[in-house]
Each structure stands twice: as structure tokens, then as C-alpha cells.
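Structure file work-v7.txt (compact mmCIF, C-alpha atoms) is printed below.
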# COMPACT_ATOMS: atom_id res chain seq x y z
CA MET A 1 189.72 195.48 230.03
CA GLN A 2 189.68 198.35 227.53
CA LYS A 3 192.77 200.52 227.39
CA ASP A 4 192.40 204.23 228.11
CA VAL A 5 192.81 206.34 224.98
CA ALA A 6 194.26 209.84 224.61
CA VAL A 7 193.44 211.62 221.34
CA VAL A 8 195.72 214.41 220.12
CA ILE A 9 194.56 216.33 217.05
CA GLY A 10 197.36 218.31 215.44
CA VAL A 11 200.74 216.82 216.29
CA GLY A 12 203.16 219.63 215.54
CA GLY A 13 205.17 221.30 218.30
CA MET A 14 202.51 221.70 220.99
CA GLY A 15 200.56 218.61 220.00
CA LEU A 16 203.60 216.36 220.14
CA ALA A 17 204.60 217.76 223.53
CA ILE A 18 201.09 217.17 224.89
CA ALA A 19 201.00 213.65 223.45
CA ARG A 20 204.31 212.80 225.09
CA ARG A 21 203.12 214.23 228.42
CA ILE A 22 199.87 212.22 228.57
CA ALA A 23 200.88 209.05 226.74
CA ASN A 24 202.16 206.86 229.57
CA GLY A 25 199.90 203.87 230.17
CA ARG A 26 197.48 204.90 227.45
CA ARG A 27 196.92 204.19 223.79
CA VAL A 28 197.53 207.45 221.94
CA VAL A 29 195.54 208.26 218.82
CA LEU A 30 197.48 210.86 216.86
CA ALA A 31 195.61 212.78 214.16
CA ASP A 32 196.81 215.37 211.68
CA PHE A 33 196.09 216.57 208.15
CA ASN A 34 199.77 216.48 207.18
CA LEU A 35 200.86 212.87 206.73
CA ALA A 36 204.56 213.66 207.04
CA THR A 37 204.01 215.42 210.36
CA LEU A 38 201.78 212.57 211.54
CA GLU A 39 204.27 209.86 210.62
CA ALA A 40 207.19 211.73 212.21
CA ALA A 41 205.31 212.20 215.49
CA ALA A 42 204.21 208.58 215.53
CA ALA A 43 207.75 207.38 214.91
CA GLN A 44 209.09 209.47 217.80
CA LEU A 45 206.50 208.28 220.30
CA THR A 46 206.61 204.67 219.14
CA GLY A 47 210.40 204.74 219.44
CA GLU A 48 209.98 205.91 223.04
CA GLY A 49 207.82 202.88 223.78
CA HIS A 50 204.34 204.37 223.56
CA ASP A 51 201.27 202.63 222.11
CA VAL A 52 200.39 204.77 219.07
CA VAL A 53 197.59 204.72 216.50
CA THR A 54 197.50 207.23 213.65
CA ARG A 55 194.62 208.75 211.69
CA ARG A 56 194.64 211.42 209.01
CA VAL A 57 191.97 214.02 209.70
CA ASP A 58 190.63 217.15 208.05
CA VAL A 59 189.07 219.08 210.93
CA SER A 60 187.22 221.38 208.53
CA ASP A 61 185.19 218.32 207.40
CA ARG A 62 182.60 217.12 209.93
CA ALA A 63 182.56 213.59 208.49
CA SER A 64 186.33 213.32 208.87
CA VAL A 65 186.14 214.39 212.52
CA ALA A 66 183.26 211.97 213.15
CA GLU A 67 185.33 209.15 211.68
CA LEU A 68 188.21 210.10 213.97
CA ALA A 69 185.92 210.03 217.01
CA ASP A 70 184.64 206.61 215.98
CA ALA A 71 188.18 205.31 215.48
CA ALA A 72 189.21 206.62 218.90
CA ALA A 73 186.23 204.88 220.53
CA ALA A 74 187.14 201.65 218.73
CA ALA A 75 190.68 201.89 220.14
CA GLY A 76 189.53 201.91 223.76
CA ARG A 77 188.05 204.11 226.47
CA VAL A 78 188.47 207.76 225.38
CA THR A 79 189.59 209.68 228.47
CA HIS A 80 191.69 212.54 227.03
CA VAL A 81 191.15 214.75 223.97
CA ALA A 82 193.59 217.51 223.06
CA HIS A 83 192.85 219.65 220.01
CA THR A 84 195.84 221.71 218.84
CA ALA A 85 195.31 221.83 215.07
CA GLY A 86 195.34 225.30 213.58
CA LEU A 87 196.69 227.69 210.98
CA SER A 88 198.44 230.98 211.66
CA PRO A 89 198.03 234.23 209.70
CA MET A 90 201.44 233.61 208.15
CA GLN A 91 200.38 230.22 206.84
CA ALA A 92 196.98 230.70 205.27
CA PRO A 93 194.38 233.13 203.89
CA THR A 94 191.32 234.22 205.82
CA GLN A 95 188.92 231.53 204.61
CA ALA A 96 191.31 228.70 205.40
CA ILE A 97 191.88 230.07 208.90
CA LEU A 98 188.14 230.25 209.52
CA SER A 99 187.66 226.72 208.16
CA VAL A 100 190.36 225.19 210.36
CA ASP A 101 190.67 227.40 213.44
CA LEU A 102 186.96 228.18 213.84
CA LEU A 103 184.92 225.47 212.12
CA GLY A 104 187.45 222.73 212.92
CA VAL A 105 187.21 223.37 216.65
CA ALA A 106 183.41 223.42 216.47
CA HIS A 107 183.43 220.00 214.80
CA VAL A 108 185.61 218.53 217.53
CA LEU A 109 183.44 220.03 220.26
CA ASP A 110 180.37 218.52 218.58
CA GLU A 111 181.65 215.03 217.77
CA PHE A 112 183.67 213.99 220.81
CA PRO A 113 181.06 214.20 223.60
CA ARG A 114 179.39 211.08 222.22
CA VAL A 115 182.59 209.02 222.63
CA ILE A 116 184.25 210.60 225.68
CA ALA A 117 184.23 208.38 228.76
CA PRO A 118 182.61 209.55 232.01
CA GLY A 119 185.32 211.35 233.95
CA GLY A 120 187.15 212.21 230.73
CA ALA A 121 188.22 215.67 229.61
CA GLY A 122 189.23 217.71 226.60
CA VAL A 123 191.33 220.77 225.92
CA VAL A 124 191.30 223.10 222.92
CA ILE A 125 194.22 225.36 222.05
CA SER A 126 193.09 228.95 221.59
CA SER A 127 195.50 231.92 221.72
CA MET A 128 196.30 234.99 223.78
CA SER A 129 195.24 236.96 220.69
CA ALA A 130 191.67 236.18 221.73
CA TYR A 131 192.16 238.44 224.78
CA PHE A 132 193.06 241.35 222.54
CA ALA A 133 190.08 240.65 220.26
CA ALA A 134 187.53 240.29 223.07
CA PRO A 135 187.14 243.99 224.02
CA THR A 136 186.42 244.99 220.43
CA LEU A 137 183.92 242.22 219.74
CA PRO A 138 180.30 243.36 220.31
CA ALA A 139 178.33 241.17 222.70
CA GLU A 140 175.87 240.08 220.04
CA LEU A 141 178.67 238.87 217.78
CA GLY A 142 180.26 237.00 220.67
CA ALA A 143 176.93 235.33 221.37
CA ALA A 144 176.62 234.36 217.71
CA LEU A 145 180.10 232.84 217.70
CA ALA A 146 179.27 230.89 220.86
CA THR A 147 175.90 229.46 219.92
CA THR A 148 175.37 229.44 216.15
CA PRO A 149 174.89 225.84 214.95
CA THR A 150 178.16 224.54 213.56
CA ASP A 151 176.81 223.94 210.06
CA GLU A 152 175.81 227.64 209.87
CA LEU A 153 178.91 229.08 211.53
CA LEU A 154 180.87 230.19 208.47
CA ALA A 155 177.76 231.86 207.06
CA LEU A 156 177.76 234.51 209.80
CA SER A 157 177.75 237.75 207.83
CA PHE A 158 180.34 239.64 209.87
CA LEU A 159 182.98 237.00 209.12
CA ALA A 160 182.91 238.07 205.47
CA GLY A 161 184.00 241.56 206.54
CA LEU A 162 187.16 240.54 208.36
CA PRO A 163 189.96 242.62 206.84
CA ASN A 164 192.87 240.14 206.89
CA PRO A 165 194.05 236.73 208.11
CA GLY A 166 195.28 238.24 211.39
CA ALA A 167 191.80 239.49 212.23
CA ALA A 168 190.31 236.14 211.24
CA TYR A 169 192.76 234.34 213.51
CA SER A 170 191.95 236.53 216.52
CA VAL A 171 188.19 236.19 216.01
CA ALA A 172 188.47 232.43 215.53
CA LYS A 173 190.50 232.06 218.70
CA ARG A 174 188.03 234.15 220.70
CA ALA A 175 185.28 231.98 219.27
CA ASN A 176 187.15 228.90 220.50
CA GLN A 177 186.97 230.22 224.07
CA LEU A 178 183.29 231.07 223.74
CA ARG A 179 182.29 227.77 222.14
CA VAL A 180 184.25 225.76 224.70
CA ALA A 181 182.34 227.54 227.47
CA ALA A 182 179.04 226.79 225.75
CA ALA A 183 180.03 223.18 224.94
CA SER A 184 180.90 222.46 228.57
CA VAL A 185 177.18 221.89 229.18
CA ALA A 186 176.93 219.13 226.56
CA TRP A 187 180.22 217.58 227.67
CA GLY A 188 179.00 217.69 231.26
CA GLU A 189 175.89 215.72 230.29
CA HIS A 190 178.29 212.92 229.35
CA GLY A 191 180.17 213.24 232.63
CA ALA A 192 183.13 214.95 230.99
CA ARG A 193 184.89 218.32 231.09
CA ILE A 194 186.15 220.66 228.36
CA ASN A 195 188.42 223.70 228.68
CA SER A 196 190.63 225.84 226.47
CA ILE A 197 194.22 227.02 226.78
CA SER A 198 195.43 230.32 225.34
CA PRO A 199 199.18 230.18 224.75
CA GLY A 200 201.33 233.27 224.43
CA VAL A 201 204.27 233.41 222.04
CA ILE A 202 205.49 229.81 221.96
CA SER A 203 208.72 228.63 220.38
CA THR A 204 207.23 226.18 217.91
CA PRO A 205 207.90 226.18 214.16
CA MET A 206 204.65 228.14 213.74
CA GLY A 207 205.68 230.62 216.43
CA GLN A 208 209.11 231.11 214.93
CA GLU A 209 207.52 231.74 211.54
CA GLU A 210 205.35 234.45 213.09
CA LEU A 211 208.37 236.01 214.82
CA ALA A 212 210.17 236.18 211.48
CA GLY A 213 207.18 237.84 209.78
CA ASP A 214 205.68 241.32 209.70
CA SER A 215 204.37 241.11 213.26
CA GLY A 216 207.63 239.78 214.70
CA GLU A 217 208.84 243.08 216.12
CA GLN A 218 205.53 243.71 217.87
CA MET A 219 205.52 240.17 219.28
CA ARG A 220 209.05 240.57 220.66
CA GLY A 221 207.99 243.83 222.30
CA MET A 222 205.06 242.07 223.92
CA VAL A 223 207.32 239.32 225.26
CA ALA A 224 209.69 241.96 226.63
CA ALA A 225 206.74 243.54 228.45
CA SER A 226 205.76 240.25 230.08
CA ALA A 227 206.63 239.04 233.56
CA ALA A 228 208.48 235.99 232.23
CA LYS A 229 210.37 237.94 229.54
CA ARG A 230 210.90 234.80 227.48
CA LEU A 231 209.24 232.76 224.78
CA GLY A 232 207.06 229.93 225.96
CA THR A 233 207.95 226.34 225.18
CA PRO A 234 205.74 223.48 224.00
CA ASP A 235 206.38 221.88 227.40
CA ASP A 236 204.80 224.92 229.11
CA ILE A 237 201.59 224.22 227.19
CA ALA A 238 201.83 220.47 227.70
CA ALA A 239 202.05 221.01 231.46
CA ALA A 240 198.91 223.17 231.40
CA ALA A 241 197.08 220.59 229.26
CA ALA A 242 198.09 217.76 231.59
CA PHE A 243 196.74 219.76 234.54
CA LEU A 244 193.36 220.45 232.91
CA LEU A 245 193.02 216.86 231.68
CA ASP A 246 193.84 215.31 235.06
CA PRO A 247 190.69 214.05 236.82
CA GLN A 248 192.45 214.07 240.18
CA VAL A 249 193.45 217.73 240.26
CA ALA A 250 191.06 219.47 237.84
CA SER A 251 187.76 217.63 238.26
CA PHE A 252 185.97 220.87 239.28
CA ILE A 253 187.23 222.89 236.29
CA SER A 254 185.20 223.04 233.09
CA GLY A 255 184.19 225.67 230.55
CA ILE A 256 187.09 228.03 231.25
CA ASP A 257 190.10 229.38 229.39
CA LEU A 258 193.56 229.13 230.94
CA LEU A 259 195.89 231.91 229.73
CA VAL A 260 199.43 230.50 229.56
CA ASP A 261 201.44 233.42 228.26
CA GLY A 262 204.09 234.27 230.85
CA GLY A 263 202.15 237.38 231.78
CA THR A 264 202.19 238.85 228.28
CA VAL A 265 198.57 240.00 228.15
CA ALA A 266 198.84 241.50 231.63
CA GLY A 267 202.07 243.28 230.71
CA VAL A 268 200.70 244.67 227.46
CA ASN A 269 197.55 245.91 229.18
CA ALA A 270 199.44 247.43 232.09
CA ARG A 271 201.75 249.33 229.73
CA GLY A 272 199.05 250.26 227.24
CA LEU A 273 201.12 248.88 224.37
CA LEU A 274 198.15 248.24 222.13
CA GLY A 275 196.50 251.57 222.83

Once more with this new file: its structure as C-alpha cells, please.
Amino acid sequence: MQKDVAVVIGVGGMGLAIARRIANGRRVVLADFNLATLEAAAAQLTGEGHDVVTRRVDVSDRASVAELADAAAAAGRVTHVAHTAGLSPMQAPTQAILSVDLLGVAHVLDEFPRVIAPGGAGVVISSMSAYFAAPTLPAELGAALATTPTDELLALSFLAGLPNPGAAYSVAKRANQLRVAAASVAWGEHGARINSISPGVISTPMGQEELAGDSGEQMRGMVAASAAKRLGTPDDIAAAAAFLLDPQVASFISGIDLLVDGGTVAGVNARGLLG
């Protein structure tokens, strides 16, 4: 009998927490671009008794993602896919963010339906920043982000006019939500589901780097305006991912975005903090 396989792409703070949450009884295929991060995550999970396989992947390269999908299928029955890989505005310039956060997600959405098992599911990590970008994004641009063929995605002319990495990040994350919704049709044809999760300010190394940067004061003000009034944890996101990936409790949920932000977006909107 084939073993069920859970694939986690991007195994930093949130990815590692998700992997740990869904690993029991499954073979876990961990994938990351950074070999040191990949090896450290694998060592932790292997030391805890989990069955771990590792693959280096460059999500901006379709062939690399296709090879990962093939390797996952060779490892067993692919039932869970969690895509967390991404770059923040503090980490990379605009073009790199678009290549990883936008194009990389599109590649995963394209390549994994052919290997996902019937009854399987995927989740993509977006961001609450997508909710702030959505009202300013014209409908025709949203439609283009949702449906443009992946190989043509980075050639969309309005992407060249994005003023800074922060804008690129927000647009990419909104595109993740839109493309997940569109991709749910293709995933459904394979008997599988796909959803996205939009975290708020999460206490990961990436989140702490953002808090220490130029936007840190604004981010702390947003957290203070939220219902939870605290930073999120990787375990908060792992719990949401486990819910959406569970065929017993979420079998009727596909093509949606789950905002997991402690009420930050609601608080900011209610108080008019972003004008």
C-alpha cells in the first residue's frame, strides 16, 4: 500500500509548523530553495520520528516545480500540499518578489493537480496585505492576475509600474488569492481542493524582520487595533492549514481565502487607520 504524502514547500517558520502539524502517519516531502533551512527542518522532523524526504526547489522555475511534483508522486499518494515559500519586501527587490511570490505560486497551482490524489487538498499562503490591495486594484487587472497563462504572467504591463517591493508584495499576494480561486476548478476536476490562507503579522523570522524595518511602527499599530492584540504564531497558521487540508472537516471548502490575522484587517478598517 502506498504511503500518504504531505508536501510542504518553504520550510521556514510557518512551513515547519505546518509540516509538524500534518506529518503524523505520512511521508513528508520538504522542499525549499535554501539548503541550510531545508536540512535544519528535516533534521528536526526526523529527530521527532517523522518520515522525511527533502528536495531543493526553485519555485520561480516551472521545471523545478514539475520535478518536485514528480518526486512527491514517486514517494507515495499525494494527499496534502502546503505552499508557504515567499519573499518579503525587506528581503528582496520587486522583480524577485514577483518571481517567487507571484510566479512561484502559479507554478505550484499548475503542476500539482496532475499528481494530487482524489480527496487531496492544497493550501497557499497569501497575506492580509492582499485585503488592503484589493480595493485599489481595478477589476480588469484582478481578472488578468487571475487568468493570464502562467508563462505570460510576469509580462503583464502594469507589473512594470509597481513603485516598490511593498507594492509588488501586496499585488502578488492578492494575485495568490485570485489564482487559487480560479485554480479550484482544475483541482476539482482531479477530485481535489485548493484554498489560500492570509496570515496577519506572524512572529516568524520574516515577520520579526518586517517589524524591525521601516514599516514596523505601522504594523505594531495595526496589531494594537486588532481584536487579538497580539502577534500571530506559526502554530496559528498551522492550525488553519490543518483545518483546510482535512478531508473530514473541510471537504466542502475550495477556492476561498481564510484570513487568519487576529482581527487586524477588521480593526484597521473599522478605525480607518489606512485612510

Would you mind telling me which residue in A:Leu141, A:Ala66, A:Ala17, A:Ala183 lies nearest to Ser157 (chain A) when using only C-alpha atoms?
A:Leu141

Could you tell me, as a ChimeraX atom specification, which residues have any atom at most 8 Å from (196.5, 217.3, 213.2), counting only C-alpha atoms?
/A:8-12,30-34,38,56-59,84-85

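Interatomic distance, CA of Val81 (chain A) against CA of Ala6 (chain A): 5.8 Å.
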
Coordinates-based distance that separates CA of Ile253 (chain A) from CA of Ala106 (chain A) (Å, one decimal)
20.2 Å

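Residue nearest Tyr131 (chain A), chosen from A:Gln2, A:Gly255, A:Leu103, A:Val268 and counting only C-alpha atoms: A:Val268.
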
Please report the interatomic distance between CA of Asp4 (chain A) and CA of Ala19 (chain A) in Å with one decimal.
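Interatomic distance here is 13.6 Å.
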
Using all atoms listed in the file: which of A:Ser170, A:Thr94, A:Val108, A:Arg27 has the shortest distance to Val53 (chain A)
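Counting all atoms listed in the file, the residue closest to Val53 (chain A) is A:Arg27.
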
Using only C-alpha atoms, can you tell me which of A:Gly272, A:Gly200, A:Pro205, A:Gly142 comes closest to Ala182 (chain A)?
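The shortest atom-to-atom distance to Ala182 (chain A) comes from A:Gly142.
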
Ala175 (chain A) environment, 9 Å, only C-alpha atoms, sequence neighbours closer than 6 positions dropped, as a PyMOL selection string
chain A and resi 102+126+130+142+145-146

Counting only C-alpha atoms, what is within 10 Å of Ser129 (chain A), bar same-chain residues fewer than 2 positions away, as a list in words?
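Near Ser129 (chain A), the qualifying residues are Ser126, Ser127, Tyr131, Phe132, Ala133, Ala134, Gly166, Ala167, Tyr169, Ser170, Val171, Ala172, Lys173, Arg174, Ser198, Pro199, Gly200, Val201 and Val265 of chain A.
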
Restricting the calculation to all atoms listed in the file, which member of A:Ala192, A:Ala92, A:Leu35, A:Val115 is positioned closest to Val65 (chain A)?
A:Val115

Of the candidates A:Ala181, A:Glu189, A:Met206, A:Ser99, which shows the shortest atom-to-atom distance to Ala155 (chain A), using all atoms listed in the file?
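Closest candidate: A:Ser99.
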
Exercise on region 71-87 of chain A, axis-aligned box with 3 Å per side, report centre and edge lengths in Å to one decimal, as JSON:
{"center_x": 191.5, "center_y": 214.7, "center_z": 219.7, "size_x": 16.5, "size_y": 32.0, "size_z": 23.5}

I'd like the neighbourhood of region 219-235 of chain A as a PyMOL selection string, where a residue qualifies if any of its atoms comes within 12 Å (using only C-alpha atoms), though same-chain residues fewer than 4 positions away should be ignored.
chain A and resi 11-22+84+125+128-129+198-215+239-242+259-274

Give me, as a VMD selection string, all polymer residues having an atom no more than 12 Å from Val185 (chain A), counting only C-alpha atoms and skipping those fewer than 6 positions away in the same chain.
chain A and resid 109 to 110 113 179 191 to 195 254 to 256
